[in-house]
Number of protein chains: 2
Amino acid sequence: MKKLDIFKKLRTSGLRPTKQRVEIAKFLFDREKTFHFTVESLEKHLTKKTNFKFALATIYNTVHAFKKAGHLNAVDVRGKKTYFDTNITNHHHFYDDETSELIDIDASEVVIQKIPRAPNGKKIKNIEVFINLKN
Amino acid sequence: MKKLDIFKKLRTSGLRPTKQRVEIAKFLFDREKTFHFTVESLEKHLTKKTNFKFALATIYNTVHAFKKAGHLNAVDVRGKKTYFDTNITNHHHFYDDETSELIDIDASEVVIQKIPRAPNGKKIKNIEVFINLKN
DNA sequence: TTTCTAGTTTATAATAATTCTAAAGTAAAA
DNA sequence: TTTTACTTTAGAATTATTATAAACTAGAAA
Ligand SMILES: [Mn+2]
Ligand SMILES: [Mn+2]
Ligand SMILES: [Zn+2]
Ligand SMILES: [Zn+2]
C-alpha cells in the first residue's frame, strides 16, 4: 500500500493526517496479510515500532473512525475485548479459543448449500461462519 | 420441564437448592423455547416474576455454574455484555444488530457443503453460523 | 429438634475495557 | 503570521464483571 493510500484512508475517515494517525494508518494498512487486533495489542505494536507516544484514547478514536468509514471491521469473539480486522471483505474465521487467535477463511472456501429464510420483515445482511478450533 | 429436573440441574452443577437458585433454574429451564439473555436482562425478569431479591453476584455465580456444567451456552454477539443461551444443542443464529436479538436456527436448517481443513495440529471443535439481519 | 458447619447471599469494593472531559497542542485556513 | 477548529493527552467517569468478607442458611450431626 502506497503512502498516498494511507492519506486517502485518513481523508475518507474524516481525519486530519496527524503524526499519530499517520503511524496508526501505516501500521494497519501498509501490510500484505490480514491483521486481527485489539486496541491494547495495537498500542503495544505501535510503541514498539515507532518512537511516539500514543494515548489510548487516540487509538480508540482513530480505530473507531476507520471502522465507521468501513476501513476496518469488528469481529465477535469470546472475551471482553473488542477485536478488529483489517480484512473488510466478506470472509470467515477459524477461532482458537485457547490462544484467542483468529485466522481468515476466504469466502470462497466456504460453500453453504442451505440456509433458512430471514424472519418476516427482515433481510439477510451477511453470513459469518466461525470454525472453532481445539488441539 | 418438571420440578425434579430443576433440582437435577442444580445438583449436577454442584449447587445446593437455595431459594434464589431454584427460582433462577425454574426461570431458565422451565420453558418451551430457547431463552437468550444477559445477566442484566435475567435479573430484570427475575425481580418482575418473583418477589425475591437477587444480588447480581448470585446471578453471575449461578449462571456460570450452569454454564460450566453444560446447562447453558455463551453466545458471542457484538456489544459488551455476555449473552447466554438455554439451547445447548449445536445450532446457529439469526442476529439482529439493531435490537441485539438472537433467534435460533436448528442445525438441520443449515447445510454446509465445503469448509477448509483445520490448520496443522488443530481440530475442528464446532461450527457456528451467524446470519446477520437488517430491515 | 437443636446444634454445627460448610456453603450461600449480599452489599460493596476492586478490576478491566471503554468512553468522556477539558486543558494544552497543532494542522491548515485566513 | 495569525487565527481557528480540530486533536492529543492524562486522568476521570462509566460499564460489565469479578472479588471480598460479613451475615445468613441448608443439610448433616448430635
Ligand atoms: Mn465476544
Ligand atoms: Mn461479542
Ligand atoms: Zn478476518
Ligand atoms: Zn441459541
# chains A, B, ... in the order shown; residues from 1 in each chain; ligands from 1

$ interface_residues --of "chain B" --to "chain A" --cutoff "7 Å" --atoms "only C-alpha atoms" --output "list in words"
Asp76, Val77, Arg78, Glu109, Val110, Val111, Ile112, Gln113, Lys114, Ile115, Pro116, Gly121, Lys122, Lys123, Ile124, Lys125, Asn126, Ile127, Glu128, Val129, Phe130, Ile131, Asn132, Leu133, Lys134 and Asn135 of chain B

$ interface_residues --of "chain B" --to "chain D" --cutoff "10 Å" --atoms "only C-alpha atoms (C1' of nucleotides)" --output "ChimeraX atom specification"
/B:16-18,39-40,56-57,60-61,80-82

$ closest_residue --among "C:DA17, C:DA30, C:DA22, C:DC4" --to "chain B" --atoms "only C-alpha atoms (C1' of nucleotides)"
C:DA17

$ interface_residues --of "chain C" --to "chain B" --cutoff "10 Å" --atoms "only C-alpha atoms (C1' of nucleotides)" --output "compact mmCIF listing (two decimals) with C-alpha atoms (C1' of nucleotides), in the first residue's frame"
# COMPACT_ATOMS: atom_id res chain seq x y z
C1' DG C 7 -21.73 -23.45 51.70
C1' DT C 8 -24.51 -19.16 50.22
C1' DT C 9 -26.22 -14.43 49.69
C1' DT C 10 -25.42 -9.86 49.71
C1' DA C 11 -23.64 -5.08 49.68
C1' DA C 17 -12.32 -2.31 28.95
C1' DT C 18 -14.00 1.60 27.05

$ residues_near_ligand --ligand "ligand 3" --cutoff "8 Å" --atoms "only C-alpha atoms (C1' of nucleotides) and all ligand atoms" --output "list in words"
Thr34, Phe35, His36, Val75, Asp85, Thr86, Asn87, Ile88, His91, His92, His93, Leu102, Ile103, Asp104 and Ile105 of chain A

$ write_last_selection --atoms "N, CA and C atoms" --output "mmCIF file, in the first residue's frame"
data_model
loop_
_atom_site.group_PDB
_atom_site.id
_atom_site.type_symbol
_atom_site.label_atom_id
_atom_site.label_comp_id
_atom_site.auth_asym_id
_atom_site.auth_seq_id
_atom_site.Cartn_x
_atom_site.Cartn_y
_atom_site.Cartn_z
ATOM 1 N N THR A 34 -3.899 -10.011 6.483
ATOM 2 C CA THR A 34 -4.867 -9.509 7.457
ATOM 3 C C THR A 34 -4.229 -9.348 8.824
ATOM 4 N N PHE A 35 -4.657 -8.326 9.535
ATOM 5 C CA PHE A 35 -4.228 -8.132 10.906
ATOM 6 C C PHE A 35 -5.469 -8.083 11.788
ATOM 7 N N HIS A 36 -5.527 -8.990 12.755
ATOM 8 C CA HIS A 36 -6.610 -9.001 13.743
ATOM 9 C C HIS A 36 -6.035 -8.462 15.042
ATOM 10 N N VAL A 75 -14.869 -7.950 14.850
ATOM 11 C CA VAL A 75 -15.148 -9.385 14.867
ATOM 12 C C VAL A 75 -15.608 -9.744 16.269
ATOM 13 N N ASP A 85 -10.406 -6.063 12.546
ATOM 14 C CA ASP A 85 -9.956 -6.881 11.434
ATOM 15 C C ASP A 85 -9.676 -5.951 10.252
ATOM 16 N N THR A 86 -8.455 -6.029 9.725
ATOM 17 C CA THR A 86 -8.142 -5.193 8.561
ATOM 18 C C THR A 86 -8.720 -5.765 7.268
ATOM 19 N N ASN A 87 -9.220 -6.979 7.335
ATOM 20 C CA ASN A 87 -9.837 -7.585 6.153
ATOM 21 C C ASN A 87 -11.314 -7.198 6.131
ATOM 22 N N ILE A 88 -11.672 -6.323 5.204
ATOM 23 C CA ILE A 88 -13.051 -5.835 5.188
ATOM 24 C C ILE A 88 -13.896 -6.526 4.123
ATOM 25 N N HIS A 91 -15.750 -12.498 4.788
ATOM 26 C CA HIS A 91 -14.947 -13.706 4.940
ATOM 27 C C HIS A 91 -15.285 -14.361 6.264
ATOM 28 N N HIS A 92 -14.670 -15.485 6.512
ATOM 29 C CA HIS A 92 -14.988 -16.263 7.712
ATOM 30 C C HIS A 92 -13.725 -16.468 8.533
ATOM 31 N N HIS A 93 -13.870 -17.126 9.672
ATOM 32 C CA HIS A 93 -12.718 -17.272 10.576
ATOM 33 C C HIS A 93 -12.624 -18.643 11.209
ATOM 34 N N LEU A 102 -7.396 -15.506 15.704
ATOM 35 C CA LEU A 102 -8.300 -15.589 14.561
ATOM 36 C C LEU A 102 -7.488 -15.843 13.296
ATOM 37 N N ILE A 103 -7.999 -16.689 12.419
ATOM 38 C CA ILE A 103 -7.359 -16.913 11.114
ATOM 39 C C ILE A 103 -8.427 -16.748 10.041
ATOM 40 N N ASP A 104 -8.094 -15.982 9.031
ATOM 41 C CA ASP A 104 -9.059 -15.723 7.969
ATOM 42 C C ASP A 104 -9.359 -16.948 7.120
ATOM 43 N N ILE A 105 -10.586 -17.032 6.705
ATOM 44 C CA ILE A 105 -11.007 -18.020 5.710
ATOM 45 C C ILE A 105 -11.686 -17.240 4.599
#

$ select_by_dssp --residues "stretch 5-48 of chain A" --states "alpha helix (DSSP H)" --output "PyMOL selection string"
chain A and resi 5-12+19-29+39-48

$ atom_distance --atom1 "atom CA of B:Glu32" --atom2 "atom 1 (Mn, counted along the ligand's line) of ligand 2"
26.2 Å

$ select_by_dssp --residues "chain B" --states "strand (DSSP E)" --output "PDB file with C-alpha atoms, in the first residue's frame"
ATOM      1  CA  HIS B  36     -31.210 -15.837  25.123  1.00  0.00           C
ATOM      2  CA  PHE B  37     -30.250 -13.451  27.885  1.00  0.00           C
ATOM      3  CA  ASN B  73     -24.033 -21.864  26.497  1.00  0.00           C
ATOM      4  CA  ALA B  74     -22.469 -18.484  25.852  1.00  0.00           C
ATOM      5  CA  VAL B  75     -23.053 -16.780  22.507  1.00  0.00           C
ATOM      6  CA  TYR B  83     -25.135 -13.406  26.144  1.00  0.00           C
ATOM      7  CA  PHE B  84     -26.248 -16.821  27.359  1.00  0.00           C
ATOM      8  CA  ASP B  85     -28.390 -19.394  25.638  1.00  0.00           C
ATOM      9  CA  HIS B  91     -27.258 -24.697  16.469  1.00  0.00           C
ATOM     10  CA  HIS B  92     -26.955 -21.402  14.651  1.00  0.00           C
ATOM     11  CA  HIS B  93     -28.415 -17.912  14.985  1.00  0.00           C
ATOM     12  CA  PHE B  94     -30.044 -15.076  13.234  1.00  0.00           C
ATOM     13  CA  TYR B  95     -28.757 -11.907  14.821  1.00  0.00           C
ATOM     14  CA  ASP B  96     -30.378  -8.513  14.587  1.00  0.00           C
ATOM     15  CA  GLU B 101     -31.973 -10.069  19.319  1.00  0.00           C
ATOM     16  CA  LEU B 102     -30.889 -13.634  18.695  1.00  0.00           C
ATOM     17  CA  ILE B 103     -33.110 -16.220  17.006  1.00  0.00           C
ATOM     18  CA  ASP B 104     -32.244 -19.891  16.955  1.00  0.00           C
ATOM     19  CA  ILE B 105     -31.644 -21.809  13.757  1.00  0.00           C
ATOM     20  CA  ASP B 106     -31.687 -25.552  14.115  1.00  0.00           C
ATOM     21  CA  VAL B 111     -26.168 -27.301   5.285  1.00  0.00           C
ATOM     22  CA  ILE B 112     -22.518 -26.551   4.650  1.00  0.00           C
ATOM     23  CA  GLN B 113     -21.085 -28.116   1.540  1.00  0.00           C
ATOM     24  CA  LYS B 114     -17.468 -27.175   1.860  1.00  0.00           C
ATOM     25  CA  LYS B 123      -9.029 -29.919  15.057  1.00  0.00           C
ATOM     26  CA  ILE B 124     -12.464 -28.527  14.457  1.00  0.00           C
ATOM     27  CA  LYS B 125     -14.470 -28.266  17.669  1.00  0.00           C
ATOM     28  CA  ASN B 126     -17.664 -26.929  16.161  1.00  0.00           C
ATOM     29  CA  ILE B 127     -19.025 -24.596  13.535  1.00  0.00           C
ATOM     30  CA  GLU B 128     -21.180 -21.598  14.320  1.00  0.00           C
ATOM     31  CA  VAL B 129     -23.090 -19.732  11.652  1.00  0.00           C
ATOM     32  CA  PHE B 130     -24.397 -16.244  12.279  1.00  0.00           C
ATOM     33  CA  ILE B 131     -26.873 -14.802   9.836  1.00  0.00           C
ATOM     34  CA  ASN B 132     -26.865 -11.069  10.461  1.00  0.00           C
ATOM     35  CA  LEU B 133     -30.127  -9.315   9.721  1.00  0.00           C
ATOM     36  CA  LYS B 134     -31.150  -5.879   8.553  1.00  0.00           C
TER      37      LYS B 134
END
